[in-house]
file final16.cif (mmCIF, C-alpha atoms (C1' of nucleotides) and all ligand atoms)
data_input
#
loop_
_atom_site.label_atom_id
_atom_site.label_comp_id
_atom_site.auth_asym_id
_atom_site.auth_seq_id
_atom_site.Cartn_x
_atom_site.Cartn_y
_atom_site.Cartn_z
CA MET A 252 1.50 -3.41 24.66
CA ALA A 253 4.14 -4.56 22.23
CA ALA A 254 5.32 -2.57 19.24
CA ARG A 255 4.00 -3.83 15.96
CA GLY A 256 6.07 -3.83 12.84
CA ALA A 257 4.78 -2.52 9.57
CA VAL A 258 4.17 -6.02 8.30
CA GLN A 259 1.99 -6.83 11.29
CA ALA A 260 0.24 -3.53 10.87
CA HIS A 261 -1.14 -4.86 7.61
CA THR A 262 -2.46 -8.11 9.00
CA HIS A 263 -3.11 -8.10 12.74
CA ASN A 264 -6.38 -7.79 14.62
CA HIS A 265 -6.21 -4.15 15.43
CA LYS A 266 -9.14 -4.06 17.81
CA ALA A 267 -6.89 -5.62 20.43
CA CYS A 268 -4.47 -2.73 20.00
CA ILE A 269 -7.20 -0.19 20.60
CA ASP A 270 -8.60 -2.04 23.59
CA ASP A 271 -5.16 -2.40 25.13
CA ALA A 272 -4.34 1.23 24.56
CA LEU A 273 -7.57 2.47 26.11
CA LYS A 274 -7.24 0.15 29.06
CA THR A 275 -3.67 1.22 29.70
CA ALA A 276 -4.66 4.86 29.37
CA ARG A 277 -7.48 4.51 31.89
CA GLU A 278 -5.22 2.80 34.38
CA LEU A 279 -2.40 5.30 33.99
CA CYS A 280 -4.64 8.31 34.33
CA ALA A 281 -6.41 6.86 37.32
CA ALA A 282 -3.06 6.13 38.99
CA ARG A 283 -1.89 9.66 38.31
CA GLY A 284 -5.08 11.35 39.42
CA VAL A 285 -5.67 13.03 36.08
CA GLN A 286 -8.93 12.95 34.19
CA LEU A 287 -9.24 10.85 31.10
CA THR A 288 -12.57 12.44 30.25
CA PRO A 289 -14.92 10.95 27.65
CA LEU A 290 -13.78 13.63 25.22
CA ARG A 291 -10.11 12.83 25.72
CA GLU A 292 -10.75 9.12 25.55
CA LYS A 293 -12.65 9.55 22.32
CA VAL A 294 -9.75 11.51 20.82
CA LEU A 295 -7.34 8.80 21.96
CA GLN A 296 -9.55 6.20 20.33
CA ILE A 297 -9.60 8.17 17.07
CA VAL A 298 -5.83 8.50 17.07
CA TRP A 299 -5.61 4.75 17.60
CA LYS A 300 -7.95 3.98 14.73
CA SER A 301 -4.94 2.77 12.77
CA HIS A 302 -1.17 2.61 12.93
CA LYS A 303 -0.95 5.60 10.66
CA PRO A 304 -0.37 9.05 12.10
CA VAL A 305 -3.53 11.14 11.98
CA GLY A 306 -3.75 14.90 11.53
CA ALA A 307 -5.45 17.10 14.10
CA TYR A 308 -8.09 18.18 11.62
CA ASP A 309 -8.79 14.59 10.68
CA VAL A 310 -9.33 13.92 14.36
CA LEU A 311 -11.64 16.93 14.39
CA ASP A 312 -13.68 15.60 11.46
CA GLU A 313 -14.09 12.26 13.11
CA LEU A 314 -14.76 13.72 16.53
CA SER A 315 -17.44 16.00 15.12
CA ARG A 316 -19.64 13.03 14.31
CA SER A 317 -20.20 12.34 17.97
CA HIS A 318 -19.37 15.73 19.36
CA LYS A 319 -20.94 18.53 17.41
CA SER A 320 -19.42 21.34 19.42
CA ALA A 321 -15.86 20.21 18.66
CA ARG A 322 -13.56 22.91 17.31
CA PRO A 323 -9.81 23.07 16.73
CA PRO A 324 -9.01 24.02 20.34
CA THR A 325 -11.09 21.09 21.52
CA VAL A 326 -8.87 18.73 19.60
CA TYR A 327 -5.57 20.43 20.31
CA ARG A 328 -6.27 20.54 24.03
CA ALA A 329 -7.06 16.86 24.06
CA LEU A 330 -3.96 16.06 22.01
CA ASP A 331 -1.83 18.19 24.33
CA PHE A 332 -3.22 16.35 27.33
CA LEU A 333 -2.57 12.96 25.75
CA MET A 334 0.96 13.94 24.80
CA GLY A 335 1.57 15.27 28.28
CA GLU A 336 0.54 11.93 29.71
CA GLY A 337 2.70 10.08 27.21
CA LEU A 338 -0.24 8.38 25.55
CA ILE A 339 0.41 9.65 22.05
CA HIS A 340 3.31 11.11 20.11
CA LYS A 341 3.48 13.84 17.55
CA ILE A 342 5.16 12.94 14.28
CA GLU A 343 6.85 16.21 13.44
CA SER A 344 7.63 15.47 9.83
CA LEU A 345 3.93 14.82 9.14
CA ASN A 346 2.26 17.21 11.58
CA ALA A 347 0.28 14.23 12.77
CA TYR A 348 -0.28 12.15 15.86
CA LEU A 349 0.16 8.49 16.70
CA GLY A 350 -0.76 6.30 19.63
CA CYS A 351 2.15 5.35 21.86
CA VAL A 352 2.86 1.65 22.16
CA GLU A 353 4.89 2.07 25.35
CA ALA A 354 2.63 4.32 27.35
CA GLY A 355 3.69 4.42 30.97
CA ALA A 356 7.35 3.72 30.25
CA PRO A 357 9.16 7.03 29.89
CA HIS A 358 10.88 7.08 26.53
CA ALA A 359 11.58 9.18 23.52
CA GLY A 360 9.61 8.10 20.51
CA HIS A 361 11.55 6.75 17.57
CA PHE A 362 9.63 6.01 14.40
CA LEU A 363 9.79 4.20 11.10
CA ILE A 364 7.36 5.82 8.68
CA CYS A 365 6.41 4.07 5.45
CA ARG A 366 5.90 6.66 2.74
CA LYS A 367 3.83 4.25 0.68
CA CYS A 368 1.31 2.72 3.08
CA GLY A 369 1.67 5.24 5.86
CA ALA A 370 2.07 2.60 8.55
CA THR A 371 4.31 3.94 11.25
CA GLU A 372 6.10 1.77 13.75
CA GLU A 373 7.41 3.04 17.05
CA ILE A 374 10.68 1.32 17.77
CA VAL A 375 12.40 0.89 21.09
CA ASP A 376 16.09 0.37 20.53
CA PRO A 377 18.53 0.82 23.42
CA LYS A 378 21.48 0.98 21.05
CA LEU A 379 19.89 3.80 19.14
CA GLU A 380 19.08 5.62 22.38
CA ALA A 381 22.66 5.20 23.49
CA ALA A 382 24.01 6.50 20.20
CA LEU A 383 21.78 9.56 20.48
CA ASP A 384 22.85 10.19 24.06
CA GLN A 385 26.47 9.82 23.08
CA ALA A 386 26.12 12.22 20.17
CA ALA A 387 24.63 14.85 22.47
CA LYS A 388 27.19 14.21 25.19
CA ARG A 389 30.05 14.62 22.74
CA ALA A 390 28.79 18.13 22.02
CA ARG A 391 28.25 18.82 25.73
CA PHE A 392 24.57 19.19 24.94
CA ARG A 393 21.92 18.46 27.53
CA ALA A 394 19.26 16.58 25.60
CA GLU A 395 15.66 16.90 26.71
CA ARG A 396 13.68 15.74 23.75
CA GLN A 397 14.49 13.54 20.78
CA VAL A 398 12.73 13.63 17.46
CA VAL A 399 13.74 10.59 15.44
CA GLU A 400 11.68 9.86 12.35
CA ILE A 401 13.00 7.57 9.65
CA SER A 402 10.99 7.61 6.44
CA GLY A 403 11.16 5.04 3.69
CA LEU A 404 9.50 1.78 2.74
CA CYS A 405 8.32 -0.79 5.25
CA ALA A 406 9.01 -4.48 4.80
CA HIS A 407 5.52 -5.02 3.43
CA CYS A 408 5.82 -2.32 0.79
CA THR A 409 9.36 -3.24 -0.24
CA GLY A 410 8.51 -6.61 -1.66
CA MET B 195 33.07 24.09 6.05
CA ALA B 196 33.24 22.60 9.50
CA ALA B 197 30.30 22.25 11.85
CA ARG B 198 30.20 24.77 14.64
CA GLY B 199 29.11 23.88 18.11
CA ALA B 200 26.65 25.94 20.03
CA VAL B 201 29.40 27.45 22.13
CA GLN B 202 31.24 28.63 19.04
CA ALA B 203 27.99 29.88 17.59
CA HIS B 204 27.98 32.46 20.37
CA THR B 205 31.45 33.75 19.74
CA HIS B 206 32.83 33.09 16.29
CA ASN B 207 33.14 35.44 13.35
CA HIS B 208 30.06 34.44 11.49
CA LYS B 209 30.78 36.39 8.33
CA ALA B 210 33.24 33.69 7.40
CA CYS B 211 30.47 31.11 7.68
CA ILE B 212 28.26 33.04 5.30
CA ASP B 213 31.05 33.67 2.83
CA ASP B 214 32.05 30.02 2.87
CA ALA B 215 28.48 28.87 2.44
CA LEU B 216 27.83 31.18 -0.49
CA LYS B 217 31.08 30.27 -2.17
CA THR B 218 30.42 26.56 -1.78
CA ALA B 219 26.88 27.00 -3.07
CA ARG B 220 28.05 28.86 -6.17
CA GLU B 221 30.62 26.21 -6.94
CA LEU B 222 28.25 23.30 -6.41
CA CYS B 223 25.51 24.82 -8.54
CA ALA B 224 27.93 25.70 -11.30
CA ALA B 225 29.31 22.16 -11.28
CA ARG B 226 25.81 20.71 -11.42
CA GLY B 227 24.57 23.04 -14.11
CA VAL B 228 21.75 24.44 -11.99
CA GLN B 229 21.02 28.11 -11.52
CA LEU B 230 21.81 29.76 -8.24
CA THR B 231 19.93 32.89 -9.28
CA PRO B 232 20.29 36.17 -7.37
CA LEU B 233 16.94 35.50 -5.73
CA ARG B 234 17.97 32.04 -4.56
CA GLU B 235 21.33 33.27 -3.40
CA LYS B 236 19.70 36.05 -1.43
CA VAL B 237 17.42 33.51 0.28
CA LEU B 238 20.41 31.33 1.07
CA GLN B 239 22.16 34.33 2.55
CA ILE B 240 19.14 35.14 4.70
CA VAL B 241 18.93 31.57 5.98
CA TRP B 242 22.61 31.80 6.85
CA LYS B 243 22.21 35.03 8.76
CA SER B 244 22.67 33.07 11.96
CA HIS B 245 23.01 29.54 13.26
CA LYS B 246 19.38 29.60 14.30
CA PRO B 247 16.73 28.04 12.12
CA VAL B 248 14.67 30.69 10.37
CA GLY B 249 11.02 30.44 9.42
CA ALA B 250 9.85 30.86 5.84
CA TYR B 251 7.88 33.98 6.71
CA ASP B 252 10.88 35.49 8.45
CA VAL B 253 12.79 34.87 5.26
CA LEU B 254 9.96 36.55 3.41
CA ASP B 255 10.06 39.62 5.66
CA GLU B 256 13.77 39.99 5.17
CA LEU B 257 13.65 39.27 1.46
CA SER B 258 10.93 41.87 0.96
CA ARG B 259 13.34 44.64 1.86
CA SER B 260 15.30 44.08 -1.32
CA HIS B 261 12.69 42.30 -3.35
CA LYS B 262 9.33 43.97 -3.18
CA SER B 263 7.48 41.42 -5.29
CA ALA B 264 8.35 38.55 -2.94
CA ARG B 265 5.40 36.42 -1.83
CA PRO B 266 5.15 33.09 0.00
CA PRO B 267 5.60 31.03 -3.19
CA THR B 268 8.72 33.03 -4.00
CA VAL B 269 10.27 31.98 -0.74
CA TYR B 270 9.05 28.39 -0.70
CA ARG B 271 10.29 27.83 -4.24
CA ALA B 272 13.71 29.11 -3.35
CA LEU B 273 13.77 27.02 -0.17
CA ASP B 274 12.71 23.93 -2.15
CA PHE B 275 15.49 24.54 -4.62
CA LEU B 276 18.07 24.98 -1.89
CA MET B 277 16.90 21.84 -0.09
CA GLY B 278 16.96 19.93 -3.36
CA GLU B 279 20.57 20.93 -3.84
CA GLY B 280 21.41 20.04 -0.26
CA LEU B 281 22.32 23.61 0.67
CA ILE B 282 19.86 23.94 3.52
CA HIS B 283 17.88 21.64 5.81
CA LYS B 284 14.39 21.88 7.17
CA ILE B 285 14.06 21.56 10.94
CA GLU B 286 10.76 19.71 11.17
CA SER B 287 10.13 20.32 14.85
CA LEU B 288 10.39 24.08 14.33
CA ASN B 289 9.03 24.49 10.80
CA ALA B 290 12.19 26.39 10.05
CA TYR B 291 15.23 26.23 7.84
CA LEU B 292 18.95 26.14 8.49
CA GLY B 293 22.04 26.37 6.31
CA CYS B 294 23.83 23.07 5.78
CA VAL B 295 27.39 22.89 7.00
CA GLU B 296 28.25 19.89 4.84
CA ALA B 297 26.83 20.97 1.50
CA GLY B 298 28.12 18.79 -1.27
CA ALA B 299 28.59 15.73 0.93
CA PRO B 300 25.43 13.62 0.78
CA HIS B 301 24.20 13.12 4.31
CA ALA B 302 21.15 13.11 6.52
CA GLY B 303 21.00 16.12 8.75
CA HIS B 304 21.21 15.50 12.48
CA PHE B 305 20.68 18.45 14.78
CA LEU B 306 21.13 19.67 18.32
CA ILE B 307 18.66 22.49 18.99
CA CYS B 308 19.06 24.71 22.04
CA ARG B 309 15.64 25.66 23.34
CA LYS B 310 17.06 28.67 25.17
CA CYS B 311 19.31 30.45 22.68
CA GLY B 312 18.00 28.78 19.55
CA ALA B 313 21.47 27.95 18.26
CA THR B 314 21.29 24.76 16.27
CA GLU B 315 24.27 22.62 15.49
CA GLU B 316 24.36 20.13 12.66
CA ILE B 317 26.29 17.11 13.81
CA VAL B 318 27.96 14.51 11.66
CA ASP B 319 28.35 11.32 13.65
CA PRO B 320 29.07 8.05 11.85
CA LYS B 321 28.16 6.03 14.93
CA LEU B 322 24.77 7.67 15.11
CA GLU B 323 24.22 7.09 11.41
CA ALA B 324 25.17 3.45 11.87
CA ALA B 325 22.81 3.06 14.81
CA LEU B 326 19.98 4.54 12.76
CA ASP B 327 20.74 2.27 9.83
CA GLN B 328 20.86 -0.73 12.14
CA ALA B 329 17.56 0.15 13.77
CA ALA B 330 15.89 0.35 10.37
CA LYS B 331 17.56 -2.82 9.13
CA ARG B 332 16.41 -4.73 12.19
CA ALA B 333 12.82 -3.91 11.23
CA ARG B 334 13.52 -4.72 7.57
CA PHE B 335 12.77 -1.13 6.77
CA ARG B 336 14.32 0.60 3.77
CA ALA B 337 15.29 4.01 5.10
CA GLU B 338 15.29 6.92 2.70
CA ARG B 339 15.21 9.96 4.92
CA GLN B 340 16.22 10.55 8.53
CA VAL B 341 14.84 13.29 10.74
CA VAL B 342 16.94 13.54 13.89
CA GLU B 343 16.40 16.62 16.02
CA ILE B 344 17.56 16.64 19.62
CA SER B 345 16.29 19.56 21.67
CA GLY B 346 17.65 20.72 24.99
CA LEU B 347 20.29 23.09 26.27
CA CYS B 348 23.55 23.77 24.54
CA ALA B 349 26.84 23.87 26.41
CA HIS B 350 26.74 27.66 26.49
CA CYS B 351 23.26 27.81 28.01
CA THR B 352 23.85 25.00 30.48
CA GLY B 353 26.73 26.51 32.36
"C1'" DG C 179 -24.54 29.69 48.88
"C1'" DG C 180 -19.89 31.31 47.42
"C1'" DC C 181 -15.32 29.91 45.77
"C1'" DG C 182 -11.44 27.67 43.48
"C1'" DT C 183 -9.98 24.55 40.02
"C1'" DG C 184 -10.04 22.03 35.95
"C1'" DA C 185 -12.49 21.15 31.65
"C1'" DT C 186 -15.03 22.57 27.70
"C1'" DG C 187 -17.47 26.02 24.50
"C1'" DA C 188 -16.98 29.62 21.27
"C1'" DT C 189 -14.96 33.26 18.33
"C1'" DA C 190 -11.36 34.98 16.16
"C1'" DC C 191 -6.90 34.95 14.40
"C1'" DA C 192 -1.91 33.64 13.50
"C1'" DA C 193 1.49 30.80 11.23
"C1'" DC C 194 2.81 27.66 7.74
"C1'" DA C 195 2.32 25.96 3.01
"C1'" DT C 196 0.48 25.13 -1.77
"C1'" DA C 197 -2.54 25.44 -6.20
"C1'" DA C 198 -3.06 27.45 -10.44
"C1'" DC C 199 -2.18 30.34 -14.04
"C1'" DA C 200 0.32 34.24 -16.24
"C1'" DA C 201 4.41 36.60 -17.62
"C1'" DA C 202 9.23 37.00 -18.45
"C1'" DC C 203 13.61 35.15 -19.78
"C1'" DG C 204 17.20 32.61 -22.10
"C1'" DC C 205 18.39 29.34 -25.43
"C1'" DC C 206 18.47 26.92 -29.61
"C1'" DG C 207 17.32 25.51 -34.14
"C1'" DC C 208 15.85 27.32 -38.27
"C1'" DG D 233 14.56 37.48 -36.60
"C1'" DC D 234 11.46 34.32 -34.69
"C1'" DG D 235 8.92 30.66 -32.90
"C1'" DG D 236 9.10 26.89 -29.67
"C1'" DC D 237 10.58 25.21 -25.29
"C1'" DG D 238 12.11 24.77 -20.62
"C1'" DT D 239 13.14 27.41 -16.47
"C1'" DT D 240 12.27 31.02 -13.36
"C1'" DT D 241 9.52 34.46 -11.34
"C1'" DG D 242 5.06 37.15 -10.63
"C1'" DT D 243 0.39 37.12 -8.91
"C1'" DT D 244 -3.84 35.87 -6.69
"C1'" DA D 245 -6.13 32.98 -4.04
"C1'" DT D 246 -6.71 29.22 -1.01
"C1'" DG D 247 -5.61 25.30 1.97
"C1'" DT D 248 -3.60 23.43 6.28
"C1'" DT D 249 -1.98 23.61 10.93
"C1'" DG D 250 -2.02 25.73 15.37
"C1'" DT D 251 -3.16 29.62 19.21
"C1'" DA D 252 -5.09 33.48 21.90
"C1'" DT D 253 -8.72 34.92 24.52
"C1'" DC D 254 -12.62 35.03 27.13
"C1'" DA D 255 -16.97 32.82 28.52
"C1'" DT D 256 -19.26 28.95 30.52
"C1'" DC D 257 -19.84 24.73 32.95
"C1'" DA D 258 -19.10 20.94 36.48
"C1'" DC D 259 -17.45 19.56 40.72
"C1'" DG D 260 -15.69 19.47 45.37
"C1'" DC D 261 -15.13 22.17 49.41
"C1'" DC D 262 -16.12 25.03 53.20
ZN ZN E 1 -2.84 -2.47 15.71
ZN ZN E 2 5.90 5.93 22.61
ZN ZN E 3 28.69 30.97 11.90
ZN ZN E 4 23.66 19.26 6.35
#
call {"tool": "encode", "arguments": {"input": "final16.cif", "output": "structure tokens"}}
result
Amino acid sequence: MAARGAVQAHTHNHKACIDDALKTARELCAARGVQLTPLREKVLQIVWKSHKPVGAYDVLDELSRSHKSARPPTVYRALDFLMGEGLIHKIESLNAYLGCVEAGAPHAGHFLICRKCGATEEIVDPKLEAALDQAAKRARFRAERQVVEISGLCAHCTG
Amino acid sequence: MAARGAVQAHTHNHKACIDDALKTARELCAARGVQLTPLREKVLQIVWKSHKPVGAYDVLDELSRSHKSARPPTVYRALDFLMGEGLIHKIESLNAYLGCVEAGAPHAGHFLICRKCGATEEIVDPKLEAALDQAAKRARFRAERQVVEISGLCAHCTG
DNA sequence: GGCGTGATGATACAACATAACAAACGCCGC
DNA sequence: GCGGCGTTTGTTATGTTGTATCATCACGCC
């Protein structure tokens, strides 16, 4: 699964993204001996509906169509599971969730969030990772989690 | 006003931090022709009570002691004002607010958040800023806001 | 069958944030 | 003085996001 830039997010065939993500998720969970239940897979599919972060209550609305008993804990438990397995990320500045494009490869999520179209790209940038590690090291800080969310205008929305 | 590392946050004389922050805030607001009213100054003082991010409702509890009519909008309006003037930052991953150690100098806030003691250090690191700018540029993304929050253990809590 | 474990159902509540309108205040021109 | 205007604060209500807690269910195991 390759990262898709915001421009591509406007034009590509997104069904392939969803199919890839679900396939990868099934394989990873099987390999790890954890259960990607129908409920969890459905939530993953909803999160992957687009390249825009989706709120937990939006997931709930969508999930409710097929799953009448769904309630907030239903959704949050599924989201927690998916985050624990590295299949989705939380976008802290939006209180929303986004499918991970590098599931299986341990990494911190770094994001470019377009404030106009909402498309959010997960970037993998070794130089940025190194700069973050260095910054922490300089302060003798043991980093465990990185939240990096850059907001602005994507290439498509700039011009 | 210099940044203080997490180690210093455990030992320094913090009254000087508060006094500096309030003095700087008064000067900046006067120079800009905006009103640092008693209410807003009190909220700023509460946020500066420590080097740990403080939640809006914690601010409200504290503010209520001196200001009985305080309600959520009271606090959020003051926090919005202070953020607008660059006197405080919001820590997105904690839904909490922290006094800015570089008020007056335009900058994105980058933070090291200790998950054990809560002490949060604002770091100013040109290399990190450059790496972030480069990462955005590479994706032809026009960055407007950066959220960088590194969680882990501070030097004091590590050893 | 009885038991342990993981997953889901169900109710209630906590924590965070904003909408909308009213009242008070200072300022300025007249 | 006073009426208009912009800013700040008061007030009530509501919206949004996230958890705690306990009950129930499904499955594998002995
Ligand atoms: Zn796609
Ligand atoms: Zn990822
Ligand atoms: Zn201090
Ligand atoms: Zn700052």
call {"tool": "residues_near_ligand", "arguments": {"input": "final16.cif", "ligand": "ligand ZN 2 (chain E)", "cutoff": "7 Å", "atoms": "only C-alpha atoms (C1' of nucleotides) and all ligand atoms", "output": "count of residues only"}}
result
11
call {"tool": "calpha_fit_and_write", "arguments": {"input": "final16.cif", "fixed": "chain A", "moving": "chain B", "output": "short mmCIF file (atom, residue, chain, number, x, y, z; two decimals) with C-alpha atoms, in the coordinates of the input"}}
result
data_model
loop_
_atom_site.label_atom_id
_atom_site.label_comp_id
_atom_site.auth_asym_id
_atom_site.auth_seq_id
_atom_site.Cartn_x
_atom_site.Cartn_y
_atom_site.Cartn_z
CA MET B 195 1.55 -3.48 24.69
CA ALA B 196 4.20 -4.55 22.25
CA ALA B 197 5.30 -2.55 19.24
CA ARG B 198 3.97 -3.78 15.94
CA GLY B 199 6.03 -3.79 12.82
CA ALA B 200 4.74 -2.47 9.57
CA VAL B 201 4.18 -5.97 8.26
CA GLN B 202 2.01 -6.83 11.23
CA ALA B 203 0.23 -3.53 10.88
CA HIS B 204 -1.16 -4.86 7.61
CA THR B 205 -2.49 -8.07 9.01
CA HIS B 206 -3.10 -8.10 12.74
CA ASN B 207 -6.35 -7.78 14.63
CA HIS B 208 -6.19 -4.14 15.44
CA LYS B 209 -9.13 -4.06 17.81
CA ALA B 210 -6.89 -5.61 20.42
CA CYS B 211 -4.46 -2.72 20.00
CA ILE B 212 -7.19 -0.18 20.62
CA ASP B 213 -8.60 -2.05 23.59
CA ASP B 214 -5.16 -2.41 25.13
CA ALA B 215 -4.35 1.23 24.56
CA LEU B 216 -7.58 2.45 26.11
CA LYS B 217 -7.26 0.13 29.07
CA THR B 218 -3.68 1.21 29.71
CA ALA B 219 -4.66 4.86 29.38
CA ARG B 220 -7.49 4.51 31.89
CA GLU B 221 -5.23 2.80 34.38
CA LEU B 222 -2.40 5.29 34.01
CA CYS B 223 -4.67 8.30 34.35
CA ALA B 224 -6.43 6.83 37.35
CA ALA B 225 -3.09 6.11 39.01
CA ARG B 226 -1.89 9.64 38.32
CA GLY B 227 -5.07 11.32 39.43
CA VAL B 228 -5.68 13.01 36.09
CA GLN B 229 -8.94 12.95 34.20
CA LEU B 230 -9.26 10.85 31.09
CA THR B 231 -12.61 12.45 30.27
CA PRO B 232 -14.95 10.96 27.67
CA LEU B 233 -13.82 13.63 25.23
CA ARG B 234 -10.15 12.83 25.73
CA GLU B 235 -10.77 9.13 25.55
CA LYS B 236 -12.69 9.54 22.32
CA VAL B 237 -9.76 11.49 20.84
CA LEU B 238 -7.36 8.80 21.97
CA GLN B 239 -9.57 6.20 20.34
CA ILE B 240 -9.62 8.16 17.09
CA VAL B 241 -5.84 8.50 17.08
CA TRP B 242 -5.63 4.75 17.60
CA LYS B 243 -7.95 3.97 14.73
CA SER B 244 -4.95 2.79 12.76
CA HIS B 245 -1.18 2.60 12.92
CA LYS B 246 -0.96 5.62 10.66
CA PRO B 247 -0.37 9.05 12.09
CA VAL B 248 -3.54 11.13 11.98
CA GLY B 249 -3.75 14.88 11.54
CA ALA B 250 -5.48 17.09 14.09
CA TYR B 251 -8.12 18.14 11.58
CA ASP B 252 -8.81 14.53 10.67
CA VAL B 253 -9.34 13.92 14.35
CA LEU B 254 -11.66 16.90 14.36
CA ASP B 255 -13.70 15.57 11.43
CA GLU B 256 -14.11 12.22 13.10
CA LEU B 257 -14.80 13.69 16.52
CA SER B 258 -17.48 15.97 15.10
CA ARG B 259 -19.66 12.99 14.29
CA SER B 260 -20.25 12.32 17.96
CA HIS B 261 -19.40 15.70 19.35
CA LYS B 262 -20.99 18.50 17.41
CA SER B 263 -19.44 21.33 19.41
CA ALA B 264 -15.89 20.20 18.63
CA ARG B 265 -13.58 22.91 17.28
CA PRO B 266 -9.82 23.06 16.69
CA PRO B 267 -9.06 24.03 20.31
CA THR B 268 -11.12 21.08 21.51
CA VAL B 269 -8.91 18.72 19.59
CA TYR B 270 -5.59 20.41 20.29
CA ARG B 271 -6.33 20.53 24.01
CA ALA B 272 -7.10 16.85 24.07
CA LEU B 273 -3.99 16.07 22.02
CA ASP B 274 -1.87 18.20 24.37
CA PHE B 275 -3.26 16.35 27.34
CA LEU B 276 -2.60 12.97 25.77
CA MET B 277 0.95 13.96 24.81
CA GLY B 278 1.53 15.29 28.31
CA GLU B 279 0.53 11.94 29.72
CA GLY B 280 2.69 10.11 27.22
CA LEU B 281 -0.27 8.38 25.57
CA ILE B 282 0.39 9.67 22.07
CA HIS B 283 3.31 11.11 20.11
CA LYS B 284 3.49 13.86 17.56
CA ILE B 285 5.15 12.96 14.27
CA GLU B 286 6.86 16.24 13.46
CA SER B 287 7.62 15.50 9.83
CA LEU B 288 3.94 14.84 9.14
CA ASN B 289 2.23 17.21 11.57
CA ALA B 290 0.28 14.22 12.76
CA TYR B 291 -0.29 12.16 15.86
CA LEU B 292 0.13 8.50 16.69
CA GLY B 293 -0.79 6.32 19.65
CA CYS B 294 2.14 5.36 21.86
CA VAL B 295 2.85 1.68 22.17
CA GLU B 296 4.88 2.07 25.35
CA ALA B 297 2.61 4.34 27.38
CA GLY B 298 3.67 4.41 30.98
CA ALA B 299 7.33 3.72 30.25
CA PRO B 300 9.15 7.05 29.91
CA HIS B 301 10.87 7.09 26.55
CA ALA B 302 11.60 9.19 23.51
CA GLY B 303 9.61 8.10 20.52
CA HIS B 304 11.55 6.76 17.56
CA PHE B 305 9.63 6.02 14.40
CA LEU B 306 9.80 4.23 11.08
CA ILE B 307 7.35 5.85 8.66
CA CYS B 308 6.41 4.11 5.43
CA ARG B 309 5.90 6.70 2.72
CA LYS B 310 3.81 4.29 0.66
CA CYS B 311 1.31 2.75 3.07
CA GLY B 312 1.68 5.28 5.86
CA ALA B 313 2.08 2.61 8.53
CA THR B 314 4.32 3.95 11.25
CA GLU B 315 6.11 1.78 13.73
CA GLU B 316 7.40 3.04 17.04
CA ILE B 317 10.68 1.34 17.75
CA VAL B 318 12.37 0.92 21.09
CA ASP B 319 16.07 0.40 20.56
CA PRO B 320 18.48 0.85 23.46
CA LYS B 321 21.46 0.99 21.12
CA LEU B 322 19.90 3.82 19.17
CA GLU B 323 19.07 5.66 22.38
CA ALA B 324 22.66 5.20 23.53
CA ALA B 325 24.03 6.48 20.23
CA LEU B 326 21.82 9.55 20.48
CA ASP B 327 22.89 10.19 24.06
CA GLN B 328 26.52 9.78 23.08
CA ALA B 329 26.21 12.16 20.16
CA ALA B 330 24.73 14.82 22.43
CA LYS B 331 27.28 14.18 25.17
CA ARG B 332 30.14 14.53 22.72
CA ALA B 333 28.93 18.06 21.96
CA ARG B 334 28.36 18.76 25.66
CA PHE B 335 24.71 19.15 24.90
CA ARG B 336 22.05 18.44 27.51
CA ALA B 337 19.39 16.55 25.58
CA GLU B 338 15.80 16.89 26.71
CA ARG B 339 13.78 15.74 23.75
CA GLN B 340 14.58 13.50 20.79
CA VAL B 341 12.80 13.61 17.46
CA VAL B 342 13.77 10.57 15.41
CA GLU B 343 11.67 9.87 12.35
CA ILE B 344 12.99 7.59 9.64
CA SER B 345 10.99 7.62 6.42
CA GLY B 346 11.16 5.07 3.66
CA LEU B 347 9.50 1.81 2.74
CA CYS B 348 8.32 -0.75 5.22
CA ALA B 349 9.00 -4.45 4.77
CA HIS B 350 5.50 -4.98 3.42
CA CYS B 351 5.82 -2.28 0.76
CA THR B 352 9.35 -3.21 -0.24
CA GLY B 353 8.72 -6.75 -1.31
#
call {"tool": "interface_residues", "arguments": {"input": "final16.cif", "of": "chain C", "to": "chain A", "cutoff": "10 Å", "atoms": "all atoms listed in the file", "output": "list in words"}}
result
DG184, DA185, DT186, DG187 and DA188 of chain C
call {"tool": "write_last_selection", "arguments": {"input": "final16.cif", "atoms": "C-alpha atoms (C1' of nucleotides)", "output": "compact mmCIF listing (two decimals), in the frame of the given file"}}
result
# COMPACT_ATOMS: atom_id res chain seq x y z
C1' DG C 184 -10.04 22.03 35.95
C1' DA C 185 -12.49 21.15 31.65
C1' DT C 186 -15.03 22.57 27.70
C1' DG C 187 -17.47 26.02 24.50
C1' DA C 188 -16.98 29.62 21.27
call {"tool": "residues_around", "arguments": {"input": "final16.cif", "residues": "Pro232 in chain B", "least_positions_apart": "6", "cutoff": "12 Å", "atoms": "all atoms listed in the file", "output": "PyMOL selection string"}}
result
(chain B and resi 216+220+238-239+257+260-261+272) or (chain D and resi 240-241)
call {"tool": "closest_residue", "arguments": {"input": "final16.cif", "among": "A:Val294, A:Cys268, A:Leu338, A:Ala347", "to": "chain D", "atoms": "only C-alpha atoms (C1' of nucleotides)"}}
result
A:Ala347
call {"tool": "residues_near_point", "arguments": {"input": "final16.cif", "point": "(-8.6, 36.8, 18.6)", "cutoff": "12 Å", "atoms": "only C-alpha atoms (C1' of nucleotides)", "output": "list of chain:residue names"}}
result
C:DA188, C:DT189, C:DA190, C:DC191, C:DA192, D:DT251, D:DA252, D:DT253, D:DC254
call {"tool": "atom_distance", "arguments": {"input": "final16.cif", "atom1": "C1' of DC259 in chain D", "atom2": "CA of Leu330 in chain A"}}
result
23.3 Å
